[in-house]
Amino acid sequence: MFKKQDFTYYIGWLTLAFLGISIISGVMLLYRYDPTTFETAQNSMFLIEDAYRYGWLIRSAHFYSSELFFIFLLIHTIWHVQIDDYVGKKYVYWFALAAILVVSFFEMFTGFVLRANNESDSASLIMQHIILSVPFFGQYIASLFYSQQYPSLYFYFYHISILPIILILLNYYHIKRMFTNFENTLIAFFVTVLLSALLPISAPFDIVSSAKRPIIWGPWFFWPIQESLIYIAPFIAGIILPFFGLLSFALLPTQKGHILKRLFLFGFVLYFMIFYIMIFRQ
């Protein structure tokens, strides 16, 4: 009989498998990408697509494996909460899972910015305004992420070095293993290759300048925050609300009853309600 705990670990191993494929394909793209300026970054994306053998396949594999990693990570996290897996767990262990969510979000976001098109550039600008909204320290924090020469240059550094290392260390602390089993790796590999071959992603494109109201689409996991900025102050929408959502998740092992669990699940449902509103409104 299939147990809830078995599903939790199975999804977790698939998540790790997609992460491994994303890292390997990212390393393969690393030597062909030039982040020096916006123009060189965009030109290198076109070269990867058109000039290098199987470049389009590797780029698509990196995209789909990264997307699936984050999707399975969200499923894995919500399932942990739903089956009350936090009961009896150490606070530090649960905090590590919350940290994985944060680091994965920024790893995915920096990857989106490195696509070097108008949408990625606009998403980077939105994030910069959110960071600058932090009282007292906003300007200093922004200087750690944004270069005056080319805003995405620092993003590239974090994307290929700092964030992956932190992510690997946190995952190792979470599951005490660096690699998943062969079965899950094989499943993740074939799913990634199939999607990459059937639905290859295109090279960077710009928003049509003649459009009366050009639509800026950030990465899908950023849409609820992006939509909230229309109605709520950047510091609240981009910093305070996500912080308290993650805090309610991280503190689950320390709470009595189900107040924090309900708060976290309500916030998660609300997050994706905004997500779907953005889709169907267009």
# chains A, B, ... in the order shown; residues from 1 in each chain; ligands from 1

$ residues_around --residues "A:Gly245" --least-positions-apart "5" --cutoff "9 Å" --atoms "only C-alpha atoms" --output "list in words"
Ile240, Ala250, Leu263, Phe264, Gly267 and Phe268 of chain A

$ closest_atom_pairs --of "stretch 159-202 of chain A" --to "stretch 28-42 of chain A" --cutoff "12 Å" --atoms "only C-alpha atoms" --output "JSON lines"
{"residue": "A:His159", "atom": "CA", "partner": "A:Leu30", "partner_atom": "CA", "distance": 10.5}
{"residue": "A:Ile160", "atom": "CA", "partner": "A:Leu30", "partner_atom": "CA", "distance": 8.0}
{"residue": "A:Ser161", "atom": "CA", "partner": "A:Leu30", "partner_atom": "CA", "distance": 11.0}

$ write_last_selection --atoms "N, CA, C and O atoms" --output "compact mmCIF listing (two decimals), in the first residue's frame"
# COMPACT_ATOMS: atom_id res chain seq x y z
N HIS A 159 24.28 33.65 -9.50
CA HIS A 159 23.57 32.53 -10.11
C HIS A 159 24.47 31.32 -10.33
O HIS A 159 24.02 30.18 -10.18
N ILE A 160 25.72 31.54 -10.69
CA ILE A 160 26.58 30.42 -11.04
C ILE A 160 27.48 29.96 -9.89
O ILE A 160 28.08 28.89 -9.96
N SER A 161 27.58 30.75 -8.82
CA SER A 161 28.54 30.38 -7.76
C SER A 161 27.92 30.36 -6.37
O SER A 161 27.77 29.30 -5.76

$ residues_around --residues "A:Ser202" --least-positions-apart "2" --cutoff "9 Å" --atoms "only C-alpha atoms" --output "ChimeraX atom specification"
/A:46,49,56,60,200,204-205

$ residues_around --residues "A:Trp217" --least-positions-apart "5" --cutoff "9 Å" --atoms "only C-alpha atoms" --output "PyMOL selection string"
chain A and resi 119-120+122-123+222-223+226

$ write_last_selection --atoms "C-alpha atoms" --output "short mmCIF file (atom, residue, chain, number, x, y, z; two decimals), in the first residue's frame"
data_model
loop_
_atom_site.label_atom_id
_atom_site.label_comp_id
_atom_site.auth_asym_id
_atom_site.auth_seq_id
_atom_site.Cartn_x
_atom_site.Cartn_y
_atom_site.Cartn_z
CA GLU A 119 10.98 41.28 -19.77
CA SER A 120 13.95 40.02 -17.78
CA SER A 122 12.04 44.88 -16.34
CA ALA A 123 11.76 42.09 -13.76
CA PHE A 222 7.10 36.17 -9.23
CA TRP A 223 3.69 37.06 -10.70
CA GLN A 226 4.40 41.64 -9.18
#

$ residues_around --residues "A:Gly111" --least-positions-apart "3" --cutoff "8 Å" --atoms "only C-alpha atoms" --output "number ranges by chain"
A: 107-108, 114-115, 156, 159

$ residues_around --residues "A:Ser66" --least-positions-apart "6" --cutoff "9 Å" --atoms "only C-alpha atoms" --output "number ranges by chain"
A: 18-19, 21-23, 108

$ residues_around --residues "A:Ser248" --least-positions-apart "4" --cutoff "9 Å" --atoms "only C-alpha atoms" --output "list in words"
Phe243, Phe244, Leu252, Leu260, Lys261, Leu263 and Phe264 of chain A

$ atom_distance --atom1 "atom CA of A:Gly26" --atom2 "atom CA of A:Ser65"
10.1 Å

$ select_by_dssp --residues "stretch 116-207 of chain A" --states "alpha helix (DSSP H)" --output "PyMOL selection string"
chain A and resi 118-132+138-145+152-157+163-175+182-198

$ closest_residue --among "A:Leu144, A:Tyr231, A:Phe105, A:Pro135" --to "A:Phe70" --atoms "only C-alpha atoms"
A:Phe105

$ closest_residue --among "A:Thr192, A:Ser25, A:Thr185, A:Thr77" --to "A:Ala98" --atoms "only C-alpha atoms"
A:Thr77

$ closest_residue --among "A:Ala203, A:Leu163, A:Ile48, A:Met273" --to "A:Pro224" --atoms "only C-alpha atoms"
A:Met273

$ atom_distance --atom1 "atom CA of A:Asn181" --atom2 "atom CA of A:Gly12"
11.1 Å

$ atom_distance --atom1 "atom CA of A:Tyr173" --atom2 "atom CA of A:Ala96"
7.5 Å
